[in-house]
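What follows is run.cif (mmCIF, C-alpha atoms and all ligand atoms).
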```cif
data_work
#
loop_
_atom_site.label_atom_id
_atom_site.label_comp_id
_atom_site.auth_asym_id
_atom_site.auth_seq_id
_atom_site.Cartn_x
_atom_site.Cartn_y
_atom_site.Cartn_z
CA MET X 1265 -104.29 -14.03 80.12
CA ARG X 1266 -105.02 -17.57 81.27
CA LEU X 1267 -107.60 -19.45 79.24
CA LEU X 1268 -108.99 -22.83 80.29
CA LEU X 1269 -110.44 -25.06 77.58
CA ASP X 1270 -112.53 -27.31 79.77
CA HIS X 1271 -114.43 -30.59 79.57
CA PHE X 1272 -113.22 -31.95 76.22
CA ALA X 1273 -114.91 -35.27 75.48
CA HIS X 1274 -111.48 -36.49 74.31
CA ILE X 1275 -107.93 -35.23 74.06
CA ALA X 1276 -105.39 -37.31 72.10
CA THR X 1277 -101.76 -36.38 71.60
CA PRO X 1278 -98.26 -37.80 71.31
CA LYS X 1279 -95.63 -36.50 73.71
CA GLY X 1280 -92.02 -35.45 73.36
CA GLN X 1281 -89.69 -33.33 71.28
CA GLN X 1282 -88.43 -35.98 68.87
CA ALA X 1283 -89.92 -38.20 66.21
CA ILE X 1284 -91.45 -41.41 67.51
CA VAL X 1285 -90.11 -44.64 66.01
CA GLY X 1286 -92.18 -47.81 66.28
CA THR X 1287 -95.58 -48.27 67.91
CA PRO X 1288 -96.67 -44.98 69.45
CA GLN X 1289 -98.22 -44.57 72.85
CA LEU X 1290 -100.63 -41.64 72.67
CA LEU X 1291 -101.80 -39.80 75.76
CA HIS X 1292 -105.60 -39.77 76.13
CA TRP X 1293 -107.91 -37.94 78.46
CA ARG X 1294 -111.69 -38.12 78.77
CA ASP X 1295 -113.33 -35.03 80.27
CA GLY X 1296 -110.01 -33.34 79.56
CA ALA X 1297 -108.81 -29.78 79.92
CA ILE X 1298 -106.00 -27.62 78.51
CA MET X 1299 -104.76 -24.45 80.20
CA VAL X 1300 -103.28 -21.84 77.86
CA GLU X 1301 -101.29 -18.85 79.01
CA GLY X 1302 -100.16 -16.36 76.40
CA ASP X 1303 -99.07 -18.40 73.39
CA VAL X 1304 -98.19 -21.66 75.16
CA ILE X 1305 -99.83 -24.60 76.90
CA VAL X 1306 -99.17 -24.58 80.65
CA ASP X 1307 -101.16 -27.63 81.76
CA ILE X 1308 -103.14 -30.54 80.35
CA GLY X 1309 -104.97 -33.44 81.98
CA THR X 1310 -108.44 -34.35 83.18
CA SER X 1311 -110.62 -31.40 83.96
CA GLN X 1312 -110.43 -32.21 87.66
CA GLU X 1313 -106.61 -32.45 87.63
CA VAL X 1314 -106.15 -29.16 85.81
CA HIS X 1315 -108.59 -27.35 88.13
CA GLU X 1316 -106.72 -28.67 91.16
CA ARG X 1317 -103.25 -27.83 89.84
CA CYS X 1318 -103.79 -24.41 88.29
CA ARG X 1319 -104.47 -20.90 89.45
CA GLU X 1320 -107.89 -19.62 88.44
CA PRO X 1321 -108.06 -18.77 84.75
CA ASN X 1322 -109.30 -15.45 83.41
CA GLN X 1323 -111.64 -17.25 81.07
CA ILE X 1324 -113.15 -20.74 80.82
CA LEU X 1325 -114.60 -22.17 77.61
CA ASP X 1326 -116.74 -25.29 77.78
CA MET X 1327 -115.62 -27.83 75.13
CA SER X 1328 -118.14 -30.56 75.95
CA GLY X 1329 -118.70 -32.93 73.05
CA LYS X 1330 -115.48 -31.88 71.32
CA THR X 1331 -112.04 -33.43 70.80
CA ALA X 1332 -108.64 -31.73 70.94
CA ILE X 1333 -105.61 -32.87 68.96
CA PRO X 1334 -102.37 -31.00 68.22
CA GLY X 1335 -102.56 -28.50 65.39
CA LEU X 1336 -101.69 -30.59 62.33
CA VAL X 1337 -98.35 -30.19 60.58
CA ASP X 1338 -97.95 -30.65 56.81
CA PRO X 1339 -94.24 -31.16 56.07
CA HIS X 1340 -94.28 -31.26 52.23
CA THR X 1341 -96.28 -28.75 50.16
CA HIS X 1342 -95.85 -27.04 46.82
CA LEU X 1343 -97.84 -24.05 47.99
CA VAL X 1344 -97.07 -21.28 45.50
CA PHE X 1345 -98.00 -21.59 41.82
CA ALA X 1346 -100.32 -20.20 39.17
CA GLY X 1347 -102.58 -21.85 36.63
CA ASN X 1348 -105.06 -24.63 36.95
CA ARG X 1349 -104.85 -28.21 35.70
CA ALA X 1350 -108.41 -29.35 36.39
CA ASP X 1351 -109.09 -29.64 32.66
CA GLU X 1352 -105.96 -31.74 32.17
CA PHE X 1353 -107.12 -33.98 35.01
CA ASN X 1354 -110.50 -34.46 33.40
CA ARG X 1355 -108.86 -35.32 30.07
CA ARG X 1356 -107.00 -38.09 31.89
CA LEU X 1357 -110.33 -39.40 33.18
CA HIS X 1358 -111.53 -39.48 29.57
CA GLY X 1359 -108.59 -41.69 28.59
CA GLU X 1360 -105.75 -39.39 27.52
CA THR X 1361 -102.38 -40.39 28.90
CA TYR X 1362 -100.11 -38.27 31.05
CA VAL X 1363 -97.43 -38.53 28.35
CA SER X 1364 -99.69 -37.28 25.56
CA ILE X 1365 -100.87 -34.39 27.74
CA ALA X 1366 -97.28 -33.48 28.61
CA GLN X 1367 -96.29 -33.60 24.93
CA GLY X 1368 -99.12 -31.16 24.24
CA GLY X 1369 -97.62 -28.66 26.69
CA GLY X 1370 -99.42 -29.87 29.81
CA GLY X 1371 -98.07 -31.28 33.06
CA ILE X 1372 -95.55 -29.50 35.22
CA HIS X 1373 -94.39 -27.32 32.32
CA ALA X 1374 -97.89 -25.79 32.11
CA THR X 1375 -97.62 -24.78 35.78
CA VAL X 1376 -94.11 -23.41 35.21
CA ARG X 1377 -95.35 -21.29 32.28
CA ALA X 1378 -98.24 -19.88 34.30
CA THR X 1379 -96.07 -19.23 37.37
CA ARG X 1380 -93.45 -17.41 35.32
CA GLN X 1381 -96.17 -15.13 33.91
CA ALA X 1382 -97.92 -14.43 37.22
CA ASP X 1383 -96.98 -11.44 39.35
CA GLU X 1384 -96.30 -11.67 43.07
CA SER X 1385 -99.67 -10.32 44.16
CA ASP X 1386 -101.47 -12.92 42.05
CA LEU X 1387 -99.33 -15.73 43.50
CA ARG X 1388 -99.89 -14.39 47.01
CA ARG X 1389 -103.66 -14.25 46.53
CA ARG X 1390 -103.74 -17.86 45.29
CA ALA X 1391 -101.45 -19.18 48.03
CA THR X 1392 -103.45 -17.36 50.71
CA ARG X 1393 -106.58 -19.19 49.58
CA VAL X 1394 -104.75 -22.51 49.98
CA LEU X 1395 -103.31 -21.60 53.38
CA ASP X 1396 -106.80 -20.61 54.53
CA GLN X 1397 -108.09 -24.02 53.49
CA MET X 1398 -105.25 -25.73 55.31
CA LEU X 1399 -106.06 -23.75 58.45
CA LEU X 1400 -109.76 -24.61 58.19
CA HIS X 1401 -108.66 -28.27 58.07
CA GLY X 1402 -106.69 -27.92 61.31
CA VAL X 1403 -103.19 -27.36 59.89
CA THR X 1404 -101.13 -24.82 61.85
CA THR X 1405 -97.58 -25.39 60.51
CA ILE X 1406 -96.34 -26.31 57.04
CA GLU X 1407 -93.25 -26.69 54.91
CA ALA X 1408 -93.53 -24.97 51.51
CA LYS X 1409 -91.22 -25.20 48.49
CA SER X 1410 -90.48 -23.21 45.37
CA GLY X 1411 -89.97 -25.19 42.16
CA TYR X 1412 -92.42 -23.88 39.57
CA GLY X 1413 -90.09 -21.21 38.25
CA LEU X 1414 -86.99 -23.19 37.30
CA ASP X 1415 -85.35 -19.88 36.51
CA HIS X 1416 -83.68 -17.27 38.67
CA ASP X 1417 -86.40 -14.63 38.83
CA THR X 1418 -89.42 -16.88 39.22
CA GLU X 1419 -87.88 -19.05 41.93
CA LEU X 1420 -87.11 -15.87 43.90
CA LYS X 1421 -90.64 -14.60 43.23
CA GLN X 1422 -92.04 -17.77 44.80
CA LEU X 1423 -89.72 -17.45 47.79
CA ASN X 1424 -90.77 -13.80 48.23
CA VAL X 1425 -94.42 -14.82 48.36
CA MET X 1426 -93.62 -17.47 50.97
CA ARG X 1427 -91.66 -14.98 53.05
CA ASP X 1428 -94.59 -12.52 52.96
CA LEU X 1429 -97.11 -15.17 53.88
CA SER X 1430 -95.03 -16.67 56.67
CA ALA X 1431 -94.96 -13.20 58.25
CA SER X 1432 -98.63 -12.39 57.72
CA HIS X 1433 -100.66 -15.61 57.79
CA PRO X 1434 -101.47 -17.50 61.01
CA VAL X 1435 -100.12 -20.78 59.58
CA ASP X 1436 -96.39 -21.03 60.36
CA MET X 1437 -94.22 -21.89 57.39
CA VAL X 1438 -90.69 -23.19 56.92
CA GLN X 1439 -89.30 -22.52 53.46
CA THR X 1440 -87.52 -24.76 51.01
CA PHE X 1441 -85.79 -23.94 47.73
CA MET X 1442 -86.59 -26.54 45.09
CA GLY X 1443 -85.07 -25.17 41.93
CA ALA X 1444 -84.31 -28.82 41.13
CA HIS X 1445 -87.97 -29.79 40.83
CA GLU X 1446 -87.60 -30.51 37.10
CA VAL X 1447 -85.11 -29.76 34.31
CA PRO X 1448 -86.47 -26.63 32.56
CA LYS X 1449 -87.00 -26.53 28.80
CA GLU X 1450 -83.96 -24.21 28.49
CA TYR X 1451 -81.72 -27.05 29.76
CA LYS X 1452 -83.63 -29.96 28.17
CA GLY X 1453 -81.52 -33.11 28.29
CA ASP X 1454 -78.75 -31.51 30.32
CA ALA X 1455 -79.56 -31.82 34.01
CA MET X 1456 -75.88 -31.43 34.93
CA ALA X 1457 -75.67 -27.99 33.29
CA TYR X 1458 -78.84 -26.91 35.08
CA VAL X 1459 -77.45 -28.12 38.42
CA ALA X 1460 -74.25 -26.17 37.72
CA PHE X 1461 -76.41 -23.06 37.19
CA LEU X 1462 -78.32 -23.68 40.44
CA ASN X 1463 -75.13 -24.23 42.41
CA ARG X 1464 -73.30 -21.25 40.95
CA ASP X 1465 -76.03 -18.65 40.45
CA MET X 1466 -78.77 -19.47 42.92
CA LEU X 1467 -77.64 -21.20 46.12
CA PRO X 1468 -75.35 -18.36 47.31
CA GLU X 1469 -78.02 -15.73 46.73
CA ILE X 1470 -80.71 -17.79 48.42
CA LYS X 1471 -78.47 -18.40 51.39
CA ARG X 1472 -77.97 -14.63 51.77
CA ARG X 1473 -81.74 -14.11 52.07
CA GLY X 1474 -81.66 -15.88 55.42
CA ASP X 1475 -85.26 -17.11 55.20
CA VAL X 1476 -84.80 -20.46 53.43
CA ARG X 1477 -84.07 -23.46 55.62
CA TYR X 1478 -83.94 -26.40 53.18
CA VAL X 1479 -83.06 -27.45 49.65
CA ASP X 1480 -85.11 -30.20 48.00
CA ILE X 1481 -84.69 -32.13 44.75
CA PHE X 1482 -86.73 -34.46 42.52
CA CYS X 1483 -84.27 -37.36 42.48
CA GLU X 1484 -85.79 -39.63 39.86
CA ARG X 1485 -84.83 -41.60 36.73
CA GLY X 1486 -84.67 -39.29 33.71
CA VAL X 1487 -84.91 -36.12 35.83
CA PHE X 1488 -82.12 -35.67 38.40
CA GLU X 1489 -80.18 -38.91 38.52
CA LEU X 1490 -77.92 -39.83 41.43
CA GLU X 1491 -74.84 -38.01 40.17
CA ALA X 1492 -76.66 -34.70 39.52
CA THR X 1493 -78.50 -35.07 42.83
CA ARG X 1494 -75.28 -35.61 44.74
CA LEU X 1495 -73.65 -32.56 43.13
CA HIS X 1496 -76.56 -30.27 43.97
CA MET X 1497 -77.20 -31.55 47.47
CA GLN X 1498 -73.55 -31.50 48.49
CA ALA X 1499 -73.38 -27.88 47.34
CA ALA X 1500 -76.54 -27.11 49.31
CA ALA X 1501 -75.09 -28.74 52.43
CA GLU X 1502 -71.89 -26.73 52.06
CA HIS X 1503 -74.00 -23.57 52.18
CA GLY X 1504 -75.57 -24.83 55.41
CA PHE X 1505 -79.01 -25.74 54.07
CA GLY X 1506 -80.87 -28.72 55.49
CA LEU X 1507 -81.61 -31.37 52.85
CA ARG X 1508 -84.90 -32.93 51.77
CA PHE X 1509 -85.42 -35.44 48.96
CA HIS X 1510 -88.20 -36.49 46.60
CA ALA X 1511 -86.83 -40.02 46.26
CA ASP X 1512 -87.76 -43.34 44.67
CA GLU X 1513 -91.28 -42.19 43.83
CA LEU X 1514 -91.73 -43.78 40.41
CA VAL X 1515 -88.94 -46.37 40.18
CA HIS X 1516 -86.19 -47.62 42.46
CA MET X 1517 -83.06 -45.59 41.86
CA GLY X 1518 -81.43 -45.35 45.28
CA GLY X 1519 -82.42 -41.77 46.16
CA ALA X 1520 -83.48 -42.83 49.66
CA GLY X 1521 -80.03 -44.31 50.29
CA LEU X 1522 -78.36 -41.15 48.98
CA ALA X 1523 -80.56 -39.06 51.29
CA ALA X 1524 -79.19 -41.15 54.18
CA ASP X 1525 -75.58 -40.81 52.95
CA LEU X 1526 -75.91 -37.03 52.81
CA GLY X 1527 -77.70 -36.66 56.16
CA ALA X 1528 -81.05 -35.39 54.86
CA VAL X 1529 -83.75 -34.66 57.44
CA SER X 1530 -86.43 -36.35 55.34
CA ALA X 1531 -86.80 -38.57 52.26
CA ASP X 1532 -90.25 -38.24 50.76
CA HIS X 1533 -92.48 -40.52 48.63
CA VAL X 1534 -90.00 -43.45 48.88
CA VAL X 1535 -92.53 -45.82 47.31
CA TYR X 1536 -89.78 -47.91 45.69
CA ALA X 1537 -87.08 -47.57 48.36
CA SER X 1538 -85.19 -50.83 48.90
CA LYS X 1539 -85.07 -52.58 52.26
CA SER X 1540 -81.35 -51.82 52.56
CA ASP X 1541 -81.97 -48.12 51.87
CA MET X 1542 -84.72 -48.10 54.50
CA LYS X 1543 -82.18 -49.46 56.97
CA LYS X 1544 -79.70 -46.77 55.95
CA MET X 1545 -82.39 -44.13 56.51
CA ALA X 1546 -83.16 -45.54 59.96
CA ASP X 1547 -79.47 -45.58 60.93
CA ALA X 1548 -79.00 -41.98 59.73
CA GLY X 1549 -82.22 -40.77 61.42
CA VAL X 1550 -83.83 -39.77 58.11
CA ILE X 1551 -87.60 -39.48 58.47
CA ALA X 1552 -89.72 -41.28 55.87
CA THR X 1553 -92.34 -38.76 54.79
CA LEU X 1554 -95.03 -40.75 53.02
CA LEU X 1555 -97.45 -39.10 50.59
CA PRO X 1556 -100.48 -41.35 50.08
CA GLY X 1557 -102.47 -38.62 48.31
CA THR X 1558 -100.11 -38.80 45.36
CA SER X 1559 -100.40 -42.58 45.14
CA PHE X 1560 -104.19 -42.25 45.26
CA PHE X 1561 -104.41 -39.52 42.65
CA LEU X 1562 -101.97 -41.12 40.21
CA ARG X 1563 -103.45 -44.58 40.81
CA GLY X 1564 -99.98 -45.73 41.79
CA ASN X 1565 -98.50 -47.97 44.42
CA TYR X 1566 -98.36 -46.90 48.06
CA ALA X 1567 -95.21 -46.74 50.15
CA ASP X 1568 -94.61 -49.76 52.38
CA ALA X 1569 -95.20 -48.19 55.80
CA LYS X 1570 -94.83 -51.54 57.59
CA ALA X 1571 -91.38 -52.11 56.06
CA PHE X 1572 -90.25 -48.62 57.11
CA LYS X 1573 -91.51 -49.31 60.62
CA GLU X 1574 -89.70 -52.66 60.74
CA ALA X 1575 -86.51 -50.99 59.50
CA GLY X 1576 -86.75 -48.53 62.41
CA CYS X 1577 -87.67 -45.35 60.50
CA ALA X 1578 -89.88 -42.64 61.90
CA ILE X 1579 -92.84 -42.05 59.57
CA ALA X 1580 -94.44 -38.71 58.79
CA LEU X 1581 -97.40 -38.07 56.49
CA SER X 1582 -98.05 -35.18 54.14
CA THR X 1583 -100.50 -34.08 51.47
CA ASP X 1584 -97.78 -33.19 48.91
CA PHE X 1585 -100.22 -30.38 48.02
CA ASN X 1586 -99.52 -29.55 44.35
CA PRO X 1587 -101.48 -28.89 41.14
CA GLY X 1588 -100.50 -32.08 39.29
CA SER X 1589 -100.56 -35.12 41.50
CA SER X 1590 -102.23 -34.24 44.80
CA HIS X 1591 -104.47 -31.20 44.92
CA THR X 1592 -105.70 -31.51 48.48
CA CYS X 1593 -105.17 -29.70 51.79
CA SER X 1594 -106.60 -32.44 54.00
CA GLN X 1595 -104.19 -34.20 56.31
CA ALA X 1596 -107.20 -36.10 57.71
CA LEU X 1597 -107.70 -37.63 54.27
CA MET X 1598 -104.02 -38.65 54.20
CA MET X 1599 -104.58 -40.36 57.55
CA ALA X 1600 -107.53 -42.28 56.12
CA LEU X 1601 -105.56 -43.33 53.02
CA ALA X 1602 -102.61 -44.39 55.18
CA CYS X 1603 -104.86 -46.47 57.44
CA MET X 1604 -106.70 -48.16 54.59
CA ASN X 1605 -103.95 -48.54 51.97
CA MET X 1606 -100.66 -48.53 53.88
CA GLY X 1607 -101.54 -50.63 56.90
CA MET X 1608 -100.96 -47.87 59.45
CA THR X 1609 -102.95 -47.64 62.66
CA PHE X 1610 -104.95 -44.55 63.56
CA GLU X 1611 -102.43 -43.77 66.30
CA GLU X 1612 -99.52 -44.00 63.86
CA THR X 1613 -101.24 -41.64 61.43
CA LEU X 1614 -101.96 -39.11 64.17
CA VAL X 1615 -98.28 -39.16 65.14
CA GLY X 1616 -97.38 -38.95 61.43
CA THR X 1617 -99.35 -35.74 60.96
CA THR X 1618 -98.31 -34.11 64.25
CA LEU X 1619 -95.10 -34.89 66.15
CA ASN X 1620 -93.27 -36.77 63.39
CA ALA X 1621 -94.34 -34.24 60.78
CA ALA X 1622 -92.98 -31.50 63.06
CA ALA X 1623 -89.72 -33.42 63.47
CA ALA X 1624 -89.45 -33.69 59.66
CA ILE X 1625 -89.09 -29.88 59.60
CA HIS X 1626 -87.07 -29.51 62.84
CA GLU X 1627 -90.04 -28.02 64.70
CA ALA X 1628 -90.79 -30.80 67.20
CA HIS X 1629 -89.42 -28.74 70.09
CA ARG X 1630 -92.15 -26.12 69.49
CA VAL X 1631 -95.18 -27.90 68.02
CA GLY X 1632 -96.59 -31.34 67.19
CA SER X 1633 -97.95 -32.30 70.62
CA LEU X 1634 -100.14 -30.89 73.37
CA GLU X 1635 -97.94 -30.50 76.43
CA PRO X 1636 -96.72 -27.78 78.76
CA GLY X 1637 -94.15 -25.51 77.15
CA LYS X 1638 -95.22 -26.10 73.55
CA LEU X 1639 -97.07 -23.56 71.46
CA ALA X 1640 -100.82 -23.61 72.01
CA ASP X 1641 -101.56 -24.91 68.50
CA ILE X 1642 -104.76 -26.91 68.89
CA ALA X 1643 -107.18 -28.37 66.35
CA ILE X 1644 -110.61 -28.84 67.92
CA LEU X 1645 -112.94 -31.36 66.32
CA ASP X 1646 -116.70 -31.49 66.45
CA VAL X 1647 -116.71 -35.19 67.43
CA GLU X 1648 -116.39 -37.08 70.71
CA ASP X 1649 -113.35 -39.19 69.81
CA ALA X 1650 -110.31 -38.44 67.65
CA VAL X 1651 -110.63 -41.69 65.70
CA ASN X 1652 -113.58 -40.10 63.85
CA LEU X 1653 -110.97 -38.21 61.80
CA VAL X 1654 -110.50 -41.47 59.91
CA TYR X 1655 -113.65 -43.44 60.74
CA TYR X 1656 -116.05 -40.69 59.66
CA TRP X 1657 -113.96 -39.93 56.60
CA GLY X 1658 -114.31 -37.34 53.85
CA ILE X 1659 -115.72 -34.81 56.34
CA ASN X 1660 -113.89 -31.83 57.78
CA HIS X 1661 -114.48 -32.23 61.53
CA VAL X 1662 -112.40 -29.20 62.52
CA CYS X 1663 -114.61 -26.53 64.12
CA HIS X 1664 -112.05 -24.34 65.94
CA VAL X 1665 -108.31 -23.86 65.53
CA MET X 1666 -106.06 -22.18 68.05
CA LYS X 1667 -102.70 -20.93 66.74
CA ALA X 1668 -100.14 -19.82 69.35
CA GLY X 1669 -102.87 -19.08 71.88
CA SER X 1670 -105.17 -17.11 69.53
CA TRP X 1671 -108.27 -18.29 67.76
CA ALA X 1672 -107.39 -18.55 64.08
CA VAL X 1673 -110.62 -20.41 63.26
CA TRP X 1674 -113.81 -20.17 65.27
CA GLN X 1675 -116.96 -22.07 64.32
CA ARG X 1676 -115.45 -22.99 60.96
CA GLN X 1677 -114.74 -19.38 60.05
CA ILE X 1678 -111.29 -17.82 59.74
CA ARG X 1679 -110.83 -15.00 62.22
CA ARG X 1680 -108.86 -12.13 60.68
CA PRO X 1681 -106.98 -9.83 63.01
CA GLU X 1682 -108.98 -6.57 63.55
ZN ZN X 1701 -93.62 -33.00 46.23
#
```
As structure tokens, what does this structure read like?
Ligand SMILES: [Zn+2]
Amino acid sequence: MRLLLDHFAHIATPKGQQAIVGTPQLLHWRDGAIMVEGDVIVDIGTSQEVHERCREPNQILDMSGKTAIPGLVDPHTHLVFAGNRADEFNRRLHGETYVSIAQGGGGIHATVRATRQADESDLRRRATRVLDQMLLHGVTTIEAKSGYGLDHDTELKQLNVMRDLSASHPVDMVQTFMGAHEVPKEYKGDAMAYVAFLNRDMLPEIKRRGDVRYVDIFCERGVFELEATRLHMQAAAEHGFGLRFHADELVHMGGAGLAADLGAVSADHVVYASKSDMKKMADAGVIATLLPGTSFFLRGNYADAKAFKEAGCAIALSTDFNPGSSHTCSQALMMALACMNMGMTFEETLVGTTLNAAAAIHEAHRVGSLEPGKLADIAILDVEDAVNLVYYWGINHVCHVMKAGSWAVWQRQIRRPE
């Protein structure tokens, strides 16, 4: 089956199989066309070029007035949890502090309690709703982490839900174990003992499952300090897991530098990373995954994207989808926040949510750009230029989504397999 998507008003995409460092050069076509065969792209260019180069397609769809970009990639999500913290959020708006809410049993521990109580089918139903929203917003590949169990059974329950969904839902998912998201109440004040439990009783079992690619940790003052982080992440590396870090989000502690020392694929948040740690990240090829939604929602500082660029780091962007600090599925909104509050250009944010986001989860050889040989993952926007993603902000412009050559969303509706 050869399908020609013809006469796009605009196509915009990065190119290549590796993260882009520095000022990106996007490819653009006006009156553009994409030829899809099976699940991959076989040609892209102006409509005239593609017609001249390609054998006749079986089907042609007219995309006049529309824009094609690569299916978006979200490389940092806390997808699976139970409970709802909308009320807690509203109490903050009325003047209560995060600390007083946490002392009253709120915050992450409220989500942990609810997730421990929920059964797998409930967690699956909730996570499916989120994945559907991501898909409707043009996202075709994500990373998802556990981390709301903080005990053996619940962490595995979260991973089971992810495994089910990655097999059944159109959105592709790479899975991360984040038992070290927080120190659970059972180990209060003793992060080292909890890390010893994770290393001894969890990492070997999770490795045997074969479906978990990464281990992540919340490396932060008063949670997992550098010594505990090093112990856990070295153990994870010895088991062959890739490493990801939540680092230097709230204060500078040196987590970004440790991520570089240990060869992590990505250090995330990194709001308070030092210039020397940025340089270490650049030298070690660690991607800076910046999460402007969290800064927005917590009214905090934004990461210094310009400094990361000057240091030579590749920059990816993510929603950090989670119930406490960034409850959004919209990568387009992250692009807008990054443009307006982090000094990034539109082109940099498009790379940050496509090719560089794919590289942050080792998927840039398959997805993240529109080019021959890559999966036909395409987000189609109901606008005549891709820059409207940011310029005409707060609107979901995605009208169709192709995932691996099949329509996953058509006219803003999810298409379920028959
Ligand atoms: Zn996170």
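With distances restricted to all atoms listed in the file, X:Ser1582 is the closest residue to ligand ZN 1701 (chain X) from X:Ser1582, X:Asn1620, X:Thr1613, X:Ser1594.
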Residues at most 10 Å from ligand ZN 1701 (chain X), using only C-alpha atoms and all ligand atoms? Could they come as a PyMOL selection string?
-> chain X and resi 1340-1342+1408-1409+1411+1442+1445+1480-1482+1509-1511+1513+1532-1533+1555+1558+1582-1586+1588-1590
Near segment 1560-1569 of chain X, counting all atoms listed in the file, which residues have an atom at most 8 Å away, once you skip same-chain residues fewer than 5 positions from it, shown as a tab-separated table (two decimals) with C-alpha atoms, keeping the file's coordinate frame?
```tsv
chain	number	residue	atom	x	y	z
X	1533	HIS	CA	-92.48	-40.52	48.63
X	1534	VAL	CA	-90.00	-43.45	48.88
X	1535	VAL	CA	-92.53	-45.82	47.31
X	1536	TYR	CA	-89.78	-47.91	45.69
X	1554	LEU	CA	-95.03	-40.75	53.02
X	1555	LEU	CA	-97.45	-39.10	50.59
X	1579	ILE	CA	-92.84	-42.05	59.57
X	1589	SER	CA	-100.56	-35.12	41.50
X	1590	SER	CA	-102.23	-34.24	44.80
X	1601	LEU	CA	-105.56	-43.33	53.02
X	1605	ASN	CA	-103.95	-48.54	51.97
X	1606	MET	CA	-100.66	-48.53	53.88
X	1607	GLY	CA	-101.54	-50.63	56.90
X	1608	MET	CA	-100.96	-47.87	59.45
```
Name all residues at most 12 Å from Lys1452 of chain X (count all atoms listed in the file; drop same-chain ones fewer than 4 positions away) and give them as a PyMOL selection string.
-> chain X and resi 1373+1414+1446-1448+1456-1458+1486-1488
For atom CA of Leu1291 of chain X and atom CA of Thr1592 of chain X, quote the distance in Å rounded to one decimal.
->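 Calculated distance between atom CA of Leu1291 of chain X and atom CA of Thr1592 of chain X is 28.8 Å.
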Between X:Leu1462, X:Ile1284, X:Val1300, X:Ile1551, which one has atoms that come closest to Ala1640 of chain X, using all atoms listed in the file?
->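 Closest residue, counting all atoms listed in the file: X:Val1300.
Atom pair atom CA of Ala1571 of chain X / atom CA of Met1604 of chain X: separated by 15.9 Å.
Closest approach to Arg1477 of chain X from the set X:Glu1407, X:Glu1489, X:Asp1465, X:Asp1396 is made by X:Glu1407, with distances taken over all atoms listed in the file.
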